[in-house]
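Raw data_10.tsv, TSV, C-alpha atoms and all ligand atoms:
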chain	number	residue	atom	x	y	z
A	238	MET	CA	12.32	-86.93	-163.48
A	239	ASN	CA	10.95	-85.04	-166.44
A	240	PHE	CA	14.07	-85.15	-168.63
A	241	GLU	CA	12.33	-83.55	-171.61
A	242	GLU	CA	11.39	-80.51	-169.61
A	243	LEU	CA	14.90	-80.23	-168.12
A	244	ARG	CA	16.37	-80.53	-171.63
A	245	ARG	CA	14.09	-77.79	-172.99
A	246	THR	CA	15.04	-75.47	-170.11
A	247	LEU	CA	18.77	-76.06	-170.64
A	248	VAL	CA	18.54	-75.44	-174.40
A	249	ARG	CA	16.48	-72.28	-173.81
A	250	THR	CA	19.17	-71.03	-171.36
A	251	LEU	CA	21.97	-71.77	-173.87
A	252	GLU	CA	19.96	-69.87	-176.48
A	253	LEU	CA	19.48	-66.85	-174.19
A	254	GLU	CA	23.21	-66.90	-173.45
A	255	GLY	CA	23.85	-66.66	-177.20
A	256	ILE	CA	25.62	-70.04	-177.27
A	257	VAL	CA	22.98	-71.93	-179.27
A	258	ARG	CA	22.39	-69.85	-182.39
A	259	SER	CA	21.40	-72.08	-185.29
A	260	PRO	CA	18.12	-73.97	-185.71
A	261	LEU	CA	19.97	-77.22	-186.54
A	262	VAL	CA	22.06	-77.20	-183.35
A	263	LYS	CA	19.01	-76.28	-181.30
A	264	GLU	CA	16.98	-79.12	-182.78
A	265	ALA	CA	19.77	-81.63	-182.18
A	266	LEU	CA	20.20	-80.62	-178.54
A	267	LEU	CA	16.43	-80.79	-178.03
A	268	ASN	CA	16.23	-84.28	-179.52
A	269	VAL	CA	19.31	-86.13	-178.27
A	270	PRO	CA	18.66	-87.43	-174.73
A	271	ARG	CA	21.82	-86.56	-172.72
A	272	GLU	CA	20.50	-88.70	-169.84
A	273	GLU	CA	21.22	-91.78	-172.00
A	274	PHE	CA	24.92	-90.83	-172.20
A	275	VAL	CA	25.80	-90.43	-168.51
A	276	PRO	CA	26.40	-93.30	-166.07
A	277	PRO	CA	23.07	-94.43	-164.53
A	278	HIS	CA	23.88	-93.07	-161.04
A	279	LEU	CA	24.44	-89.56	-162.50
A	280	ARG	CA	21.29	-89.34	-164.62
A	281	GLU	CA	19.69	-86.77	-162.32
A	282	TYR	CA	22.57	-84.37	-163.19
A	283	ALA	CA	22.29	-84.88	-166.96
A	284	TYR	CA	20.90	-81.37	-167.53
A	285	GLN	CA	23.26	-79.54	-165.24
A	286	ASP	CA	25.56	-77.45	-167.48
A	287	SER	CA	28.79	-79.15	-166.38
A	288	PRO	CA	31.05	-82.02	-167.44
A	289	LEU	CA	30.35	-85.34	-165.68
A	290	PRO	CA	32.66	-88.31	-165.03
A	291	ILE	CA	32.15	-91.33	-167.28
A	292	GLY	CA	34.88	-93.53	-165.79
A	293	TYR	CA	38.53	-94.23	-166.69
A	294	GLY	CA	39.43	-90.62	-165.74
A	295	GLN	CA	37.34	-89.26	-168.65
A	296	THR	CA	34.33	-86.94	-168.90
A	297	ILE	CA	31.27	-86.16	-170.99
A	298	SER	CA	31.77	-82.48	-171.90
A	299	ALA	CA	29.49	-79.77	-170.50
A	300	PRO	CA	26.44	-79.04	-172.67
A	301	HIS	CA	27.59	-75.45	-173.35
A	302	MET	CA	30.93	-76.77	-174.70
A	303	VAL	CA	29.13	-79.30	-176.93
A	304	ALA	CA	26.94	-76.44	-178.19
A	305	ILE	CA	29.91	-74.10	-178.80
A	306	MET	CA	31.88	-76.77	-180.68
A	307	THR	CA	28.90	-77.90	-182.75
A	308	GLU	CA	28.13	-74.30	-183.72
A	309	GLU	CA	31.80	-73.65	-184.59
A	310	LEU	CA	31.94	-76.82	-186.69
A	311	ARG	CA	28.99	-75.66	-188.87
A	312	VAL	CA	28.06	-79.27	-189.57
A	313	GLN	CA	25.48	-79.69	-192.34
A	314	PRO	CA	23.04	-82.47	-193.26
A	315	GLY	CA	24.84	-84.94	-195.54
A	316	ASN	CA	28.33	-84.17	-194.12
A	317	ARG	CA	30.88	-86.90	-193.51
A	318	VAL	CA	32.19	-86.14	-190.02
A	319	LEU	CA	35.13	-87.45	-187.99
A	320	GLU	CA	35.12	-87.17	-184.20
A	321	VAL	CA	38.26	-87.96	-182.19
A	322	GLY	CA	37.43	-88.85	-178.56
A	323	THR	CA	34.07	-90.66	-178.47
A	324	GLY	CA	33.81	-90.80	-174.68
A	325	SER	CA	30.12	-91.28	-173.86
A	326	GLY	CA	29.04	-90.93	-177.51
A	327	TYR	CA	26.94	-87.80	-176.80
A	328	GLN	CA	28.81	-85.40	-179.11
A	329	ALA	CA	28.80	-88.09	-181.84
A	330	ALA	CA	25.03	-88.41	-181.37
A	331	VAL	CA	24.48	-84.65	-181.73
A	332	LEU	CA	26.59	-84.65	-184.91
A	333	ALA	CA	24.84	-87.76	-186.26
A	334	TYR	CA	21.44	-86.18	-185.64
A	335	ILE	CA	22.38	-83.24	-187.87
A	336	ALA	CA	24.47	-85.06	-190.51
A	337	SER	CA	21.90	-87.83	-191.01
A	338	ARG	CA	19.16	-85.38	-192.02
A	339	SER	CA	20.44	-85.89	-195.55
A	340	PRO	CA	21.09	-89.41	-196.92
A	341	ARG	CA	24.88	-89.53	-197.19
A	342	GLY	CA	25.53	-87.98	-193.79
A	343	HIS	CA	27.63	-90.12	-191.44
A	344	VAL	CA	29.84	-89.82	-188.36
A	345	VAL	CA	33.05	-91.80	-187.80
A	346	THR	CA	34.17	-91.58	-184.18
A	347	ILE	CA	37.34	-92.96	-182.55
A	348	GLU	CA	37.94	-93.78	-178.89
A	349	ARG	CA	41.22	-95.08	-177.43
A	350	ILE	CA	39.70	-96.73	-174.33
A	351	PRO	CA	37.86	-99.93	-175.42
A	352	GLN	CA	35.52	-99.97	-172.40
A	353	LEU	CA	34.32	-96.45	-173.24
A	354	ALA	CA	33.70	-97.50	-176.83
A	355	VAL	CA	31.39	-100.24	-175.50
A	356	PHE	CA	29.63	-97.68	-173.24
A	357	ALA	CA	29.22	-95.28	-176.18
A	358	LYS	CA	27.85	-98.00	-178.47
A	359	GLN	CA	25.14	-98.89	-175.95
A	360	ASN	CA	24.27	-95.22	-175.44
A	361	LEU	CA	24.05	-94.51	-179.18
A	362	GLU	CA	21.83	-97.60	-179.62
A	363	HIS	CA	19.49	-96.46	-176.84
A	364	ALA	CA	19.27	-93.02	-178.45
A	365	GLY	CA	18.46	-94.62	-181.84
A	366	LEU	CA	21.46	-93.04	-183.61
A	367	TYR	CA	23.98	-95.88	-183.85
A	368	HIS	CA	22.92	-96.55	-187.42
A	369	TYR	CA	24.54	-93.26	-188.51
A	370	VAL	CA	27.80	-93.80	-186.62
A	371	THR	CA	30.91	-95.92	-187.24
A	372	LEU	CA	32.69	-96.41	-183.92
A	373	LEU	CA	36.38	-97.30	-184.00
A	374	VAL	CA	38.81	-98.13	-181.19
A	375	GLY	CA	42.33	-96.74	-181.56
A	376	ASP	CA	44.52	-93.66	-181.69
A	377	GLY	CA	42.44	-90.94	-183.29
A	378	SER	CA	45.29	-88.41	-183.19
A	379	VAL	CA	46.27	-89.84	-186.58
A	380	GLY	CA	42.65	-89.79	-187.79
A	381	ALA	CA	41.02	-92.56	-189.80
A	382	PRO	CA	42.57	-92.25	-193.29
A	383	SER	CA	40.75	-95.22	-194.77
A	384	TYR	CA	37.37	-93.69	-193.78
A	385	GLY	CA	38.14	-90.17	-195.01
A	386	PRO	CA	38.38	-87.55	-196.32
A	387	PHE	CA	35.95	-85.66	-194.11
A	388	ASP	CA	33.85	-82.50	-194.47
A	389	ARG	CA	34.17	-81.85	-190.77
A	390	ILE	CA	36.56	-83.00	-188.03
A	391	ILE	CA	36.05	-82.41	-184.32
A	392	VAL	CA	38.54	-83.34	-181.62
A	393	THR	CA	37.13	-83.50	-178.09
A	394	ALA	CA	40.42	-83.96	-176.24
A	395	ALA	CA	43.24	-81.43	-175.77
A	396	ALA	CA	46.08	-81.53	-178.29
A	397	PRO	CA	49.55	-80.02	-177.85
A	398	LYS	CA	49.45	-78.97	-181.53
A	399	ILE	CA	47.15	-79.42	-184.52
A	400	PRO	CA	47.79	-82.97	-185.84
A	401	ARG	CA	49.00	-82.80	-189.43
A	402	ALA	CA	47.28	-86.10	-190.24
A	403	LEU	CA	43.90	-84.58	-189.36
A	404	VAL	CA	44.47	-81.51	-191.55
A	405	GLU	CA	45.38	-83.88	-194.41
A	406	GLN	CA	42.11	-85.79	-193.94
A	407	LEU	CA	39.98	-82.63	-194.31
A	408	LYS	CA	38.28	-82.20	-197.68
A	409	PRO	CA	38.80	-78.93	-199.57
A	410	GLY	CA	36.14	-76.63	-198.12
A	411	GLY	CA	36.34	-78.62	-194.87
A	412	ARG	CA	36.44	-77.37	-191.29
A	413	MET	CA	37.97	-78.69	-188.07
A	414	VAL	CA	37.48	-77.68	-184.42
A	415	ILE	CA	40.11	-78.76	-181.90
A	416	PRO	CA	41.22	-77.65	-178.41
A	417	VAL	CA	44.93	-76.79	-178.53
A	418	GLY	CA	47.26	-75.70	-175.76
A	419	SER	CA	48.85	-77.04	-172.58
A	420	ARG	CA	47.63	-80.01	-170.55
A	421	TRP	CA	45.71	-77.70	-168.24
A	422	SER	CA	44.22	-75.01	-170.46
A	423	GLN	CA	43.50	-74.65	-174.14
A	424	VAL	CA	41.68	-72.57	-176.72
A	425	LEU	CA	39.45	-73.85	-179.49
A	426	ALA	CA	41.21	-73.69	-182.83
A	427	VAL	CA	39.08	-73.56	-185.97
A	428	VAL	CA	40.97	-74.82	-189.02
A	429	THR	CA	39.54	-74.29	-192.49
A	430	LYS	CA	40.80	-75.76	-195.74
A	431	SER	CA	39.87	-73.70	-198.80
A	432	GLU	CA	38.99	-75.18	-202.18
A	433	ASP	CA	42.60	-74.59	-203.36
A	434	GLY	CA	43.91	-76.50	-200.32
A	435	SER	CA	45.26	-73.53	-198.37
A	436	ILE	CA	44.86	-73.69	-194.59
A	437	ARG	CA	43.68	-70.97	-192.23
A	438	THR	CA	43.61	-71.30	-188.42
A	439	GLU	CA	41.77	-69.06	-185.97
A	440	TYR	CA	41.93	-69.32	-182.19
A	441	GLY	CA	38.89	-68.55	-180.02
A	442	THR	CA	37.08	-69.86	-176.96
A	443	PRO	CA	39.19	-70.81	-173.89
A	444	CYS	CA	38.47	-74.34	-172.65
A	445	VAL	CA	39.78	-77.24	-170.54
A	446	PHE	CA	39.75	-80.79	-171.96
A	447	VAL	CA	41.30	-84.10	-170.92
A	448	PRO	CA	44.46	-84.82	-172.96
A	449	LEU	CA	44.57	-86.32	-176.43
A	450	ILE	CA	46.92	-89.27	-175.88
A	451	GLY	CA	48.63	-90.65	-178.97
A	452	ARG	CA	51.15	-90.36	-181.75
A	453	GLU	CA	50.16	-86.79	-182.64
A	454	GLY	CA	48.96	-85.96	-179.11
A	455	TRP	CA	50.49	-86.19	-175.65
A	456	LYS	CA	52.68	-89.21	-175.00
A	457	HIS	CA	51.36	-90.32	-171.61
A	458	ASN	CA	48.30	-89.89	-169.46
A	459	ILE	CA	49.45	-88.36	-166.17
A	460	ILE	CA	45.97	-87.93	-164.66
B	1	LIG	N1	33.05	-86.38	-176.96
B	1	LIG	C1	32.89	-87.05	-175.70
B	1	LIG	C2	31.46	-87.14	-175.26
B	1	LIG	O1	30.58	-86.63	-175.97
B	1	LIG	O2	31.23	-87.77	-174.22
B	1	LIG	C3	33.74	-86.47	-174.60
B	1	LIG	C4	35.18	-86.76	-174.84
B	1	LIG	S1	36.22	-86.83	-173.44
B	1	LIG	C5	36.29	-85.12	-172.99
B	1	LIG	C6	37.74	-87.16	-174.32
B	1	LIG	C7	37.84	-88.56	-174.83
B	1	LIG	O3	38.96	-88.62	-175.73
B	1	LIG	C8	38.10	-89.59	-173.76
B	1	LIG	O4	37.12	-90.59	-173.81
B	1	LIG	C9	39.48	-90.13	-174.09
B	1	LIG	O5	39.67	-91.49	-173.77
B	1	LIG	C10	39.53	-89.90	-175.59
B	1	LIG	N2	40.87	-89.87	-176.18
B	1	LIG	C11	42.02	-89.32	-175.71
B	1	LIG	N3	43.02	-89.49	-176.59
B	1	LIG	C12	42.50	-90.16	-177.66
B	1	LIG	C13	43.03	-90.63	-178.91
B	1	LIG	N4	44.31	-90.44	-179.27
B	1	LIG	N5	42.19	-91.26	-179.75
B	1	LIG	C14	40.89	-91.46	-179.44
B	1	LIG	N6	40.34	-91.06	-178.27
B	1	LIG	C15	41.12	-90.40	-177.41

Would it be possible to restate this file's structure as structure tokens?
Amino acid sequence: MNFEELRRTLVRTLELEGIVRSPLVKEALLNVPREEFVPPHLREYAYQDSPLPIGYGQTISAPHMVAIMTEELRVQPGNRVLEVGTGSGYQAAVLAYIASRSPRGHVVTIERIPQLAVFAKQNLEHAGLYHYVTLLVGDGSVGAPSYGPFDRIIVTAAAPKIPRALVEQLKPGGRMVIPVGSRWSQVLAVVTKSEDGSIRTEYGTPCVFVPLIGREGWKHNII
């Protein structure tokens, strides 16, 4: 299969749909090979615009959702970024591609399922981006205080409310994107922290994510 051609077609479609808007996000999506982040038997579907199963009841998000969240996050070269919910490692790779274009840029990503962290590590290595990523295993609903504060925080699992710990770990001038709502449907919340520390939250795109399980998330996985 000609994955490069399929990738170019998908990115062009997302651009025509008005989802991919910035040159940095476009370049990242064109250069990070999504086929390296799906289980081998699903590689032929890597450029279908849908979520795909990655095992343990979890998914790699649909490309349009990765594009929407990355655009909303406004990640910049040199940013220190926290991702909660590593999954396949694809979103972390897209963020690392952008952040690492300037020397201090780095992504810290946390996954609660150890087997998925192993899967993500292999995928990030194959894509040549592991160097720019610190991968932790644990409950990311409380963030990673000893690795922060962060310019950007992205949560790729559905939270019942915005975790206070994550807001605390945002730098002044920082920005967070997180799906918030019920177990079955959410909207993307964009949280900004101004230079004086005041917080503003806006709610936008409807979405459906697997639950954020943890101290500041849902208590049990009922899937
Ligand atoms: N960003 C991922 C990707 O690019 O493949 C997709 C993430 S998947 C939709 C959500 C992930 O969040 C799952 O792998 C799940 O195990 C993880 N997760 C759920 N609760 C978590 C928590 N408290 N801390 C860390 N990871 C969590």

- Message: Neighbouring residues of Gly411 in chain A were defined as those with any atom within 12 Å, considering all atoms listed in the file; residues of the same chain fewer than 6 positions away were excluded. Please report them as a PyMOL selection string.
- Response: chain A and resi 310-313+316-319+385-391+403-405+427-437

- Message: Please list as a ChimeraX atom specification every residue within 10 Å of Leu366 in chain A, counting all atoms listed in the file and excluding residues in the same chain fewer than 2 positions away.
- Response: /A:269,326,329-334,337,358,360-364,368-370

- Item | Within 6 Å of ligand LIG 1 (chain B), counting all atoms listed in the file, residues as a list in words |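 After applying the 6 Å limit, what remains is Gln295, Thr296, Ile297, Ser298, Val321, Gly322, Thr323, Gly324, Ser325, Gly326, Tyr327, Gln328, Ile347, Glu348, Arg349, Ile350, Gly375, Asp376, Gly377, Ser378, Thr393, Ala394, Phe446, Val447, Pro448, Leu449, Ile450 and Gly451 of chain A.
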
- Selection as a list in words: residues within 10 Å of (46.2, -77.8, -180.6), counting all atoms listed in the file: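 Residues found, by chain and rising number: Val392, Ala394, Ala395, Ala396, Pro397, Lys398, Ile399, Pro400, Val414, Ile415, Pro416, Val417, Gly418, Ser419, Gln423, Val424, Leu425, Ala426, Val427, Tyr440, Leu449 and Gly454 of chain A.
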
- Task: Mind giving me the straight-line distance from CA of Met413 in chain A to CA of His301 in chain A in Å, one decimal?
- Result: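 The value is 18.3 Å.
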
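Compared by their closest atoms to Ile291 in chain A, and using all atoms listed in the file, the residues A:Ala381, A:Ala354, A:Leu253, A:Ile305 rank with A:Ala354 nearest.
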
- Item | Pick from A:Asn239, A:Asn268, A:Ser383, A:Thr371 nearest to Ile335 in chain A, counting all atoms listed in the file |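 Ranked by minimum distance to Ile335 in chain A, first place goes to A:Asn268.
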
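Our summary of the geometry notes that CA of Phe274 in chain A is positioned 17.6 Å from CA of Val345 in chain A.
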
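Minimum atom-to-atom distances from A:Leu289, A:Ala357, A:Leu267, A:Val257 to Glu242 in chain A were compared using all atoms listed in the file, and the lowest value belongs to A:Leu267.
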
- Message: With distances taken over only C-alpha atoms, which residue among A:Val374, A:Met302, A:Leu251, A:Leu353 lies nearest Cys444 in chain A?
- Response: A:Met302

Put a box with edges along x, y and z around all the listed atoms of range 266-284 of chain A, pad it by 4 Å on each side, then give me its centre and sizes in Å, one decimal, as AutoDock Vina command-line options.
--center_x 21.3 --center_y -87.5 --center_z -170.3 --size_x 18.2 --size_y 21.8 --size_z 26.5

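Minimum distance to Phe240 in chain A across A:Gly255, A:Gly315, A:Gly294, A:Pro270 (counting only C-alpha atoms) occurs at A:Pro270.
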
- Would you work out the distance separating CA of Ala402 in chain A from CA of Val379 in chain A, expressed in Å to one decimal? 5.3 Å

- Query: From the list A:Arg249, A:Glu320, A:Pro300, A:Met238, which residue is nearest Arg280 in chain A when using all atoms listed in the file?
  - Reply: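 Ranking A:Arg249, A:Glu320, A:Pro300, A:Met238 by distance to Arg280 in chain A, first place goes to A:Met238.
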